[in-house]
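Structure data follow from start-v3.pdb (PDB, C-alpha atoms):
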MODEL        1
ATOM      1  CA  MET B1431      -5.792 -87.006  16.366
ATOM      2  CA  SER B1432      -6.339 -86.461  20.118
ATOM      3  CA  ASN B1433      -2.709 -85.367  20.479
ATOM      4  CA  ILE B1434      -3.036 -82.982  17.530
ATOM      5  CA  LEU B1435      -6.192 -81.485  19.044
ATOM      6  CA  LEU B1436      -4.516 -81.128  22.455
ATOM      7  CA  ARG B1437      -1.495 -79.504  20.827
ATOM      8  CA  ALA B1438      -3.722 -77.108  18.876
ATOM      9  CA  ILE B1439      -5.723 -76.069  21.957
ATOM     10  CA  THR B1440      -2.582 -75.503  24.034
ATOM     11  CA  GLY B1441      -0.929 -73.613  21.200
ATOM     12  CA  PHE B1442      -3.976 -71.379  20.746
ATOM     13  CA  PHE B1443      -4.112 -70.306  24.401
ATOM     14  CA  PHE B1444      -0.335 -69.886  24.481
ATOM     15  CA  VAL B1445      -0.409 -67.556  21.456
ATOM     16  CA  VAL B1446      -3.336 -65.568  22.877
ATOM     17  CA  LEU B1447      -1.551 -65.146  26.218
ATOM     18  CA  VAL B1448       1.701 -63.995  24.616
ATOM     19  CA  ILE B1449       0.112 -61.558  22.161
ATOM     20  CA  ALA B1450      -2.316 -60.156  24.765
ATOM     21  CA  SER B1451       0.490 -59.483  27.236
ATOM     22  CA  LEU B1452       2.588 -57.744  24.573
ATOM     23  CA  TRP B1453      -0.356 -55.710  23.302
ATOM     24  CA  PHE B1454      -1.444 -54.376  26.695
ATOM     25  CA  GLY B1455       1.914 -52.880  27.555
ATOM     26  CA  THR B1456       4.788 -53.027  29.994
ATOM     27  CA  ILE B1457       3.277 -54.537  33.146
ATOM     28  CA  PRO B1458       1.487 -57.509  31.480
ATOM     29  CA  THR B1459       4.579 -58.137  29.323
ATOM     30  CA  VAL B1460       6.873 -58.144  32.347
ATOM     31  CA  ILE B1461       4.560 -60.445  34.324
ATOM     32  CA  VAL B1462       4.068 -63.033  31.561
ATOM     33  CA  SER B1463       7.676 -62.946  30.342
ATOM     34  CA  THR B1464       8.964 -63.300  33.900
ATOM     35  CA  ILE B1465       6.725 -66.301  34.572
ATOM     36  CA  PHE B1466       7.948 -68.024  31.417
ATOM     37  CA  PHE B1467      11.531 -67.045  32.254
ATOM     38  CA  VAL B1468      11.427 -68.530  35.761
ATOM     39  CA  LEU B1469       9.743 -71.698  34.505
ATOM     40  CA  GLY B1470      12.441 -71.927  31.843
ATOM     41  CA  LEU B1471      15.159 -71.632  34.503
ATOM     42  CA  ILE B1472      13.602 -74.445  36.521
ATOM     43  CA  GLU B1473      13.318 -76.625  33.425
ATOM     44  CA  PHE B1474      16.934 -75.905  32.467
ATOM     45  CA  THR B1475      18.178 -77.205  35.809
ATOM     46  CA  SER B1476      15.891 -80.246  35.712
ATOM     47  CA  ILE B1477      17.080 -81.527  32.316
ATOM     48  CA  PHE B1478      20.537 -82.205  33.795
ATOM     49  CA  LYS B1479      19.347 -84.131  36.849
ATOM     50  CA  HIS B1480      20.148 -87.509  35.276
ATOM     51  CA  MET B1481      23.664 -86.446  34.238
ATOM     52  CA  LYS B1482      25.909 -87.672  37.063
ATOM     53  CA  GLN B1483      28.956 -85.798  35.733
ATOM     54  CA  ILE B1484      27.116 -82.464  36.045
ATOM     55  CA  GLN B1485      26.323 -81.098  39.501
ATOM     56  CA  LEU B1486      24.452 -77.836  39.134
ATOM     57  CA  PHE B1487      24.021 -75.442  42.048
ATOM     58  CA  LYS B1488      20.318 -75.187  41.225
ATOM     59  CA  ASN B1489      19.135 -72.604  43.756
ATOM     60  CA  TYR B1490      22.139 -70.342  43.275
ATOM     61  CA  PHE B1491      21.829 -70.509  39.470
ATOM     62  CA  ILE B1492      18.135 -69.569  39.578
ATOM     63  CA  PHE B1493      18.764 -66.795  42.135
ATOM     64  CA  ILE B1494      21.627 -65.166  40.189
ATOM     65  CA  SER B1495      19.764 -65.491  36.871
ATOM     66  CA  ILE B1496      16.701 -63.748  38.308
ATOM     67  CA  ILE B1497      18.881 -60.979  39.777
ATOM     68  CA  LEU B1498      20.606 -60.448  36.406
ATOM     69  CA  TYR B1499      17.264 -60.394  34.589
ATOM     70  CA  THR B1500      15.800 -57.959  37.142
ATOM     71  CA  ILE B1501      18.756 -55.559  36.950
ATOM     72  CA  ILE B1502      18.591 -55.430  33.158
ATOM     73  CA  ILE B1503      14.844 -54.816  33.083
ATOM     74  CA  LEU B1504      14.755 -52.256  35.895
ATOM     75  CA  ALA B1505      17.693 -50.333  34.423
ATOM     76  CA  TYR B1506      16.098 -50.231  30.977
ATOM     77  CA  LEU B1507      12.744 -49.131  32.425
ATOM     78  CA  ASN B1508      14.582 -46.387  34.391
ATOM     79  CA  TYR B1509      13.541 -47.710  37.804
ATOM     80  CA  ILE B1510      17.208 -47.953  38.779
ATOM     81  CA  ASP B1511      20.306 -46.160  37.495
ATOM     82  CA  PHE B1512      22.268 -47.738  34.649
ATOM     83  CA  VAL B1513      25.288 -47.866  36.964
ATOM     84  CA  PHE B1514      23.745 -51.010  38.465
ATOM     85  CA  LEU B1515      24.558 -52.794  35.197
ATOM     86  CA  SER B1516      28.179 -52.771  36.402
ATOM     87  CA  ILE B1517      27.188 -55.495  38.869
ATOM     88  CA  ILE B1518      26.403 -57.927  36.039
ATOM     89  CA  PRO B1519      30.013 -59.060  35.338
ATOM     90  CA  LEU B1520      30.552 -59.635  39.079
ATOM     91  CA  LEU B1521      27.449 -61.814  39.320
ATOM     92  CA  ILE B1522      28.430 -63.823  36.251
ATOM     93  CA  PHE B1523      31.966 -64.435  37.532
ATOM     94  CA  SER B1524      30.579 -65.457  40.915
ATOM     95  CA  PHE B1525      29.909 -68.888  39.397
ATOM     96  CA  PHE B1526      33.676 -69.379  39.195
ATOM     97  CA  LEU B1527      34.151 -68.425  42.850
ATOM     98  CA  VAL B1528      31.298 -70.576  44.129
ATOM     99  CA  GLU B1529      32.756 -73.613  42.387
ATOM    100  CA  LEU B1530      35.924 -73.224  44.491
ATOM    101  CA  TRP B1531      33.971 -74.065  47.657
ATOM    102  CA  ARG B1532      31.625 -76.672  46.181
ATOM    103  CA  LYS B1533      34.452 -79.213  45.660
ATOM    104  CA  LYS B1534      32.657 -81.047  42.846
ATOM    105  CA  GLU B1535      34.336 -83.463  40.455
ATOM    106  CA  ASN B1536      33.841 -81.480  37.223
ATOM    107  CA  PRO B1537      34.126 -77.761  38.083
ATOM    108  CA  ILE B1538      34.820 -76.594  34.523
ATOM    109  CA  LEU B1539      31.805 -78.487  33.184
ATOM    110  CA  ASN B1540      29.601 -77.149  35.999
ATOM    111  CA  ILE B1541      30.696 -73.556  35.390
ATOM    112  CA  GLY B1542      30.127 -73.956  31.652
ATOM    113  CA  ILE B1543      26.568 -75.228  32.110
ATOM    114  CA  HIS B1544      25.738 -72.434  34.567
ATOM    115  CA  LEU B1545      26.995 -69.794  32.132
ATOM    116  CA  LEU B1546      25.193 -71.469  29.237
ATOM    117  CA  GLY B1547      21.934 -71.215  31.164
ATOM    118  CA  VAL B1548      22.498 -67.533  31.944
ATOM    119  CA  PHE B1549      23.159 -66.507  28.354
ATOM    120  CA  TYR B1550      20.582 -68.882  26.885
ATOM    121  CA  LEU B1551      17.720 -67.581  29.044
ATOM    122  CA  VAL B1552      18.495 -64.205  30.657
ATOM    123  CA  LEU B1553      19.422 -62.410  27.429
ATOM    124  CA  PRO B1554      16.474 -63.467  25.203
ATOM    125  CA  PHE B1555      13.756 -63.014  27.836
ATOM    126  CA  SER B1556      15.034 -59.602  28.916
ATOM    127  CA  LEU B1557      15.203 -58.544  25.255
ATOM    128  CA  ILE B1558      11.499 -59.376  24.859
ATOM    129  CA  ILE B1559      10.668 -56.622  27.339
ATOM    130  CA  ILE B1560      13.251 -54.210  25.935
ATOM    131  CA  LEU B1561      11.984 -54.679  22.377
ATOM    132  CA  ASN B1562       8.373 -54.329  23.432
ATOM    133  CA  GLU B1563       9.190 -50.975  25.026
ATOM    134  CA  GLU B1564      10.311 -49.841  21.564
ATOM    135  CA  SER B1565       7.031 -51.011  20.035
ATOM    136  CA  THR B1566       4.046 -48.844  19.188
ATOM    137  CA  GLU B1567       0.561 -49.612  17.869
ATOM    138  CA  ARG B1568       1.898 -48.722  14.430
ATOM    139  CA  ASN B1569       5.092 -50.717  14.839
ATOM    140  CA  PRO B1570       4.401 -53.889  16.852
ATOM    141  CA  LEU B1571       7.969 -55.182  16.982
ATOM    142  CA  VAL B1572       7.713 -58.188  19.289
ATOM    143  CA  ILE B1573       4.259 -59.246  18.139
ATOM    144  CA  GLY B1574       5.502 -59.081  14.552
ATOM    145  CA  MET B1575       8.607 -61.080  15.456
ATOM    146  CA  PHE B1576       6.583 -63.821  17.136
ATOM    147  CA  LEU B1577       4.198 -63.949  14.176
ATOM    148  CA  LEU B1578       7.194 -64.536  11.907
ATOM    149  CA  ILE B1579       8.566 -67.250  14.200
ATOM    150  CA  TRP B1580       5.236 -69.052  14.488
ATOM    151  CA  SER B1581       4.563 -68.688  10.754
ATOM    152  CA  ASN B1582       7.909 -70.263   9.932
ATOM    153  CA  ASP B1583       7.266 -73.124  12.336
ATOM    154  CA  THR B1584       3.767 -73.772  10.976
ATOM    155  CA  PHE B1585       4.568 -73.443   7.277
ATOM    156  CA  ALA B1586       7.793 -75.435   7.567
ATOM    157  CA  TYR B1587       5.820 -78.241   9.208
ATOM    158  CA  LEU B1588       3.080 -78.182   6.557
ATOM    159  CA  SER B1589       5.521 -77.905   3.641
ATOM    160  CA  GLY B1590       7.598 -80.737   5.024
ATOM    161  CA  ARG B1591       4.553 -82.899   5.650
ATOM    162  CA  PHE B1592       3.240 -82.580   2.089
ATOM    163  CA  PHE B1593       6.416 -82.114   0.048
ATOM    164  CA  GLY B1594       9.317 -83.148   2.273
ATOM    165  CA  LYS B1595      11.735 -85.714   0.863
ATOM    166  CA  THR B1596      15.280 -84.447   1.399
ATOM    167  CA  LYS B1597      16.494 -84.577   4.991
ATOM    168  CA  LEU B1598      17.830 -81.296   6.382
ATOM    169  CA  PHE B1599      19.710 -82.421   9.492
ATOM    170  CA  GLU B1600      18.903 -86.083   9.993
ATOM    171  CA  ARG B1601      21.465 -86.581  12.777
ATOM    172  CA  ILE B1602      19.692 -83.992  14.973
ATOM    173  CA  SER B1603      16.108 -83.834  13.705
ATOM    174  CA  PRO B1604      15.120 -86.707  11.388
ATOM    175  CA  LYS B1605      11.736 -85.191  10.456
ATOM    176  CA  LYS B1606      13.022 -81.848   9.139
ATOM    177  CA  THR B1607      13.457 -81.546   5.375
ATOM    178  CA  TRP B1608      14.871 -79.019   2.933
ATOM    179  CA  GLU B1609      11.476 -78.737   1.268
ATOM    180  CA  GLY B1610       9.862 -77.841   4.575
ATOM    181  CA  THR B1611      12.635 -75.374   5.385
ATOM    182  CA  ILE B1612      12.376 -73.571   2.049
ATOM    183  CA  GLY B1613       8.577 -73.516   2.229
ATOM    184  CA  GLY B1614       8.741 -72.076   5.737
ATOM    185  CA  ILE B1615      11.166 -69.322   4.699
ATOM    186  CA  LEU B1616       9.178 -68.323   1.604
ATOM    187  CA  LEU B1617       5.869 -68.145   3.414
ATOM    188  CA  THR B1618       7.449 -66.312   6.360
ATOM    189  CA  MET B1619       8.626 -63.664   3.891
ATOM    190  CA  ILE B1620       5.019 -63.286   2.727
ATOM    191  CA  ILE B1621       3.910 -62.816   6.330
ATOM    192  CA  GLY B1622       6.692 -60.247   6.785
ATOM    193  CA  PHE B1623       5.393 -58.386   3.743
ATOM    194  CA  LEU B1624       1.869 -58.358   5.208
ATOM    195  CA  ILE B1625       3.120 -57.180   8.618
ATOM    196  CA  SER B1626       4.834 -54.221   6.942
ATOM    197  CA  PHE B1627       1.404 -52.794   6.084
ATOM    198  CA  TRP B1628       0.545 -52.808   9.799
ATOM    199  CA  GLY B1629       3.667 -50.944  10.835
ATOM    200  CA  ASP B1630       4.793 -47.390  10.162
ATOM    201  CA  ASN B1631       5.388 -46.075   6.672
ATOM    202  CA  ASN B1632       8.450 -47.369   4.815
ATOM    203  CA  ASP B1633       8.681 -50.477   7.022
ATOM    204  CA  PHE B1634       8.613 -52.851   4.067
ATOM    205  CA  ASP B1635      12.398 -53.246   3.970
ATOM    206  CA  PHE B1636      12.615 -53.741   7.742
ATOM    207  CA  TRP B1637      10.072 -56.568   7.876
ATOM    208  CA  LEU B1638      11.206 -58.286   4.688
ATOM    209  CA  ILE B1639      14.797 -58.508   5.919
ATOM    210  CA  ALA B1640      13.505 -59.389   9.394
ATOM    211  CA  ALA B1641      11.681 -62.352   7.846
ATOM    212  CA  LEU B1642      14.898 -63.431   6.108
ATOM    213  CA  ILE B1643      16.689 -63.279   9.462
ATOM    214  CA  VAL B1644      13.960 -64.774  11.652
ATOM    215  CA  ALA B1645      13.145 -67.822   9.504
ATOM    216  CA  PRO B1646      16.632 -69.420   9.459
ATOM    217  CA  ALA B1647      17.321 -68.292  13.048
ATOM    218  CA  ALA B1648      14.110 -70.004  14.191
ATOM    219  CA  ILE B1649      15.131 -73.180  12.373
ATOM    220  CA  PHE B1650      18.568 -73.129  14.015
ATOM    221  CA  GLY B1651      16.960 -72.480  17.400
ATOM    222  CA  ASP B1652      14.779 -75.555  16.968
ATOM    223  CA  LEU B1653      17.783 -77.632  15.894
ATOM    224  CA  ILE B1654      19.889 -76.450  18.832
ATOM    225  CA  GLU B1655      17.155 -77.403  21.301
ATOM    226  CA  SER B1656      16.936 -80.806  19.576
ATOM    227  CA  LEU B1657      20.729 -81.117  19.890
ATOM    228  CA  PHE B1658      20.499 -80.452  23.626
ATOM    229  CA  LYS B1659      17.744 -83.015  24.120
ATOM    230  CA  ARG B1660      19.510 -85.691  22.064
ATOM    231  CA  SER B1661      22.727 -85.072  23.997
ATOM    232  CA  LEU B1662      20.836 -85.466  27.277
ATOM    233  CA  ASN B1663      18.697 -88.353  25.977
ATOM    234  CA  ILE B1664      15.379 -86.714  26.810
ATOM    235  CA  LYS B1665      12.244 -86.253  24.702
ATOM    236  CA  ASP B1666      10.998 -82.922  26.083
ATOM    237  CA  SER B1667      12.344 -80.288  28.445
ATOM    238  CA  GLY B1668       9.184 -80.499  30.561
ATOM    239  CA  THR B1669       5.487 -81.317  30.626
ATOM    240  CA  ILE B1670       3.867 -78.019  31.623
ATOM    241  CA  LEU B1671       2.368 -77.403  28.150
ATOM    242  CA  PRO B1672       0.171 -80.368  27.104
ATOM    243  CA  GLY B1673       1.053 -81.546  23.617
ATOM    244  CA  HIS B1674       4.091 -79.259  23.409
ATOM    245  CA  GLY B1675       6.310 -80.336  26.269
ATOM    246  CA  GLY B1676       7.979 -77.649  28.325
ATOM    247  CA  ILE B1677       8.661 -73.922  28.161
ATOM    248  CA  LEU B1678      12.051 -74.486  26.523
ATOM    249  CA  ASP B1679      10.391 -76.685  23.889
ATOM    250  CA  ARG B1680       7.866 -73.949  23.067
ATOM    251  CA  PHE B1681      10.400 -71.113  23.105
ATOM    252  CA  ASP B1682      13.251 -72.986  21.397
ATOM    253  CA  ALA B1683      13.009 -71.020  18.136
ATOM    254  CA  ALA B1684      12.351 -67.702  19.888
ATOM    255  CA  ILE B1685      15.277 -67.993  22.318
ATOM    256  CA  PHE B1686      17.767 -68.183  19.455
ATOM    257  CA  THR B1687      15.924 -65.722  17.208
ATOM    258  CA  ILE B1688      15.360 -62.812  19.613
ATOM    259  CA  PRO B1689      19.024 -61.643  19.796
ATOM    260  CA  PHE B1690      19.278 -61.670  15.987
ATOM    261  CA  PHE B1691      16.030 -59.725  15.621
ATOM    262  CA  TYR B1692      17.183 -57.215  18.245
ATOM    263  CA  SER B1693      20.513 -56.734  16.461
ATOM    264  CA  TRP B1694      18.706 -56.131  13.169
ATOM    265  CA  PHE B1695      16.412 -53.593  14.877
ATOM    266  CA  ILE B1696      19.431 -51.686  16.248
ATOM    267  CA  ILE B1697      21.285 -51.763  12.927
ATOM    268  CA  TYR B1698      18.198 -50.657  10.979
ATOM    269  CA  ASN B1699      17.586 -47.693  13.262
ATOM    270  CA  TYR B1700      21.264 -46.716  13.370
ATOM    271  CA  PHE B1701      21.548 -46.361   9.604
TER     272      PHE B1701
ENDMDL
END
Using the file provided, produce a representation of the structure as C-alpha cells.
Amino acid sequence: MSNILLRAITGFFFVVLVIASLWFGTIPTVIVSTIFFVLGLIEFTSIFKHMKQIQLFKNYFIFISIILYTIIILAYLNYIDFVFLSIIPLLIFSFFLVELWRKKENPILNIGIHLLGVFYLVLPFSLIIILNEESTERNPLVIGMFLLIWSNDTFAYLSGRFFGKTKLFERISPKKTWEGTIGGILLTMIIGFLISFWGDNNDFDFWLIAALIVAPAAIFGDLIESLFKRSLNIKDSGTILPGHGGILDRFDAAIFTIPFFYSWFIIYNYF
C-alpha cells in the first residue's frame, strides 16, 4: 500500500506539472519539456552502461541531440530561419563520422543505438512543443492527448486487475491482458468523446478517432519500453520519479503515441 500511495502522489504532481506547463503557454511548455527531454537523454545513455558490447559516446550523443531539438523548436517558433533545418541531416550523419575515429569494437551497433536515441527522444519531445503551439483554449491538443494516454493507462490497469485473464503479450509484459487492453480502449474512447465537448465545434470526429489511435499506440509504446528493459535486463530506466521509475518509464506510452497523434492532426486538418 505504501508503494501505491507513493506512486499516486508522484503521479499526481507529475500530471499537474505537465498540464500546468501546457496550459500556460510556450515558455513553460518549452522549459518543462526540455527538462524532461534532457533527463530522458541521460537515462537513455545510462541504461546501456552494463552492456559491454555497446560503447556509447555519451557526451557527444547528448550534445547533438540537444542541438537537433533546439534547431527544430527555434525554427518552428520563428526565432531562426527554416534554412537551419538543413543542418539536421549533417548532424545525424556525424555519428557515422565520429565512429571512424573512436575505433570501438562494434561501430555498427554503436551507430544504431545513437540513432535510435535521437529518433526515440528528439522527435516526440519536439512535437510536444509544436503541437502545443497549435493548441487554443477551445482546442487543447496536447492536454487532450495526454488525458487520452493517461486514461488508457489507468483504465487498462483497472480492467486488467478486475477482469484480466487472457495474456496479451506474456513474453514482454506478463501482467497485461486482452481484457485490460479492450477495457482501456473503450474507456479512452469515452474520454475522447467528453474531450470533444471542450474543443471547437465539430471536433467529435477528431477526438473519437484520436482516441482510437492513441489507445493502441500507448499500449505499443508501453510494450516497446518493456521490450527494451527486458533486452537490457533492467527493471526501470531510472529512479528520479518515486514509485514510477525514470522519465522513460513515465513517458513510454507518450513517446510512441505523439508522432501518431501529430500525423492524425495533420491529416485531419489537410482534408
Picked residues, the PyMOL selection byres ((chain B and resi 1606) around 9), as a PyMOL selection string
chain B and resi 1586-1587+1590+1594+1596-1600+1603-1605+1607-1611
Skipping near chain neighbours, those fewer than 6 positions away, what residues fall within 12 Å of Phe1523 (chain B) using all atoms listed in the file, listed as an mmCIF file with C-alpha atoms, in the frame of the given file?
data_model
loop_
_atom_site.group_PDB
_atom_site.id
_atom_site.type_symbol
_atom_site.label_atom_id
_atom_site.label_comp_id
_atom_site.auth_asym_id
_atom_site.auth_seq_id
_atom_site.Cartn_x
_atom_site.Cartn_y
_atom_site.Cartn_z
ATOM 1 C CA PHE B 1491 21.829 -70.509 39.470
ATOM 2 C CA ILE B 1494 21.627 -65.166 40.189
ATOM 3 C CA ILE B 1517 27.188 -55.495 38.869
ATOM 4 C CA GLU B 1529 32.756 -73.613 42.387
ATOM 5 C CA LEU B 1530 35.924 -73.224 44.491
ATOM 6 C CA ILE B 1541 30.696 -73.556 35.390
ATOM 7 C CA GLY B 1542 30.127 -73.956 31.652
ATOM 8 C CA HIS B 1544 25.738 -72.434 34.567
ATOM 9 C CA LEU B 1545 26.995 -69.794 32.132
ATOM 10 C CA VAL B 1548 22.498 -67.533 31.944
#
Taking all atoms listed in the file into account, which of B:Phe1650, B:Ile1501, B:Tyr1490, B:Phe1442 comes nearest Ser1524 (chain B)?
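Of all the options, B:Tyr1490 lies closest to Ser1524 (chain B).
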Selection: 12 Å around Thr1440 (chain B), all atoms listed in the file, excl. self and same-chain fewer than 3 positions, as a PyMOL selection string
chain B and resi 1433-1437+1443-1447+1669-1676+1680
Can you spell out as a VMD selection string the set of residues that the PyMOL selection byres ((chain B and resi 1679) around 12) selects in the structure I just provided?
chain B and resid 1466 1469 to 1470 1473 to 1474 1477 1651 to 1659 1664 to 1678 1680 to 1685
Selected residue, from B:Gly1574, B:Pro1689, B:Gly1613, B:Pro1537, that lies nearest to Phe1636 (chain B) when counting all atoms listed in the file
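Between B:Gly1574, B:Pro1689, B:Gly1613, B:Pro1537, the residue approaching Phe1636 (chain B) most closely is B:Gly1574.
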The PyMOL selection byres ((chain B and resi 1615) around 12) - which residues does that actually catch in the file I just gave you? List them as a ChimeraX atom specification.
/B:1578-1587,1589-1590,1608-1614,1616-1622,1638-1649
Name the residues within 12 Å of (28.5, -82.9, 34.6), counting only C-alpha atoms in the file's coordinates, and put them as a PyMOL selection string.
chain B and resi 1475+1477-1487+1534-1544+1662
Which residues are near region 1555-1568 of chain B? Cut-off 9 Å, only C-alpha atoms, ignore same chain within fewer than 6 positions. Put them as a PyMOL selection string.
chain B and resi 1452-1453+1455-1456+1459-1460+1463-1464+1466-1467+1499-1500+1502-1503+1506-1507+1628-1631+1685+1688-1689+1692+1695
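Among the candidates B:Val1572, B:Leu1624, B:Leu1471, B:Leu1504, the residue lying nearest to Leu1546 (chain B) is B:Leu1471 (atoms considered: only C-alpha atoms).
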Emit as JSON the padded axis-aligned box for all listed atoms of region 1441-1449 of chain B, 4 Å per side, with centre and edge lengths in Å to one decimal.
{"center_x": -1.2, "center_y": -67.6, "center_z": 23.5, "size_x": 13.8, "size_y": 20.1, "size_z": 13.5}
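The interatomic distance for the pair CA of Ile1465 (chain B) and CA of Ser1495 (chain B) works out to 13.3 Å.
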What is the CA of Leu1527 (chain B)-CA of Val1552 (chain B) distance in Å, reported with one decimal?
20.3 Å
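Comparing the minimum interatomic distances between Trp1637 (chain B) and each of B:Arg1601, B:Asn1569, B:Ile1439, B:Ser1451, counting only C-alpha atoms, we find that B:Asn1569 sits nearest.
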Have region 1633-1648 of chain B completed to N, CA and C atoms, please, and pass it along as a compact mmCIF listing (two decimals), in the frame of the given file.
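Printed below is out-v1.txt as written:
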# COMPACT_ATOMS: atom_id res chain seq x y z
N ASP B 1633 8.20 -49.34 6.23
CA ASP B 1633 8.68 -50.48 7.02
C ASP B 1633 8.82 -51.75 6.20
N PHE B 1634 8.56 -51.66 4.91
CA PHE B 1634 8.61 -52.85 4.07
C PHE B 1634 10.00 -53.50 4.12
N ASP B 1635 11.04 -52.70 3.97
CA ASP B 1635 12.40 -53.25 3.97
C ASP B 1635 12.76 -53.84 5.32
N PHE B 1636 12.30 -53.21 6.41
CA PHE B 1636 12.62 -53.74 7.74
C PHE B 1636 12.02 -55.13 7.92
N TRP B 1637 10.74 -55.30 7.61
CA TRP B 1637 10.07 -56.57 7.88
C TRP B 1637 10.45 -57.66 6.89
N LEU B 1638 10.77 -57.28 5.66
CA LEU B 1638 11.21 -58.29 4.69
C LEU B 1638 12.55 -58.88 5.10
N ILE B 1639 13.49 -58.02 5.47
CA ILE B 1639 14.80 -58.51 5.92
C ILE B 1639 14.65 -59.22 7.26
N ALA B 1640 13.76 -58.72 8.12
CA ALA B 1640 13.50 -59.39 9.39
C ALA B 1640 13.03 -60.82 9.16
N ALA B 1641 12.17 -61.00 8.17
CA ALA B 1641 11.68 -62.35 7.85
C ALA B 1641 12.83 -63.25 7.39
N LEU B 1642 13.74 -62.67 6.59
CA LEU B 1642 14.90 -63.43 6.11
C LEU B 1642 15.85 -63.79 7.24
N ILE B 1643 15.86 -63.00 8.29
CA ILE B 1643 16.69 -63.28 9.46
C ILE B 1643 15.98 -64.25 10.41
N VAL B 1644 14.71 -63.99 10.66
CA VAL B 1644 13.96 -64.77 11.65
C VAL B 1644 13.78 -66.22 11.22
N ALA B 1645 13.44 -66.45 9.95
CA ALA B 1645 13.14 -67.82 9.50
C ALA B 1645 14.32 -68.78 9.72
N PRO B 1646 15.52 -68.49 9.19
CA PRO B 1646 16.63 -69.42 9.46
C PRO B 1646 17.05 -69.46 10.93
N ALA B 1647 16.96 -68.30 11.63
CA ALA B 1647 17.32 -68.29 13.05
C ALA B 1647 16.38 -69.19 13.84
N ALA B 1648 15.09 -69.15 13.51
CA ALA B 1648 14.11 -70.00 14.19
C ALA B 1648 14.40 -71.48 13.93
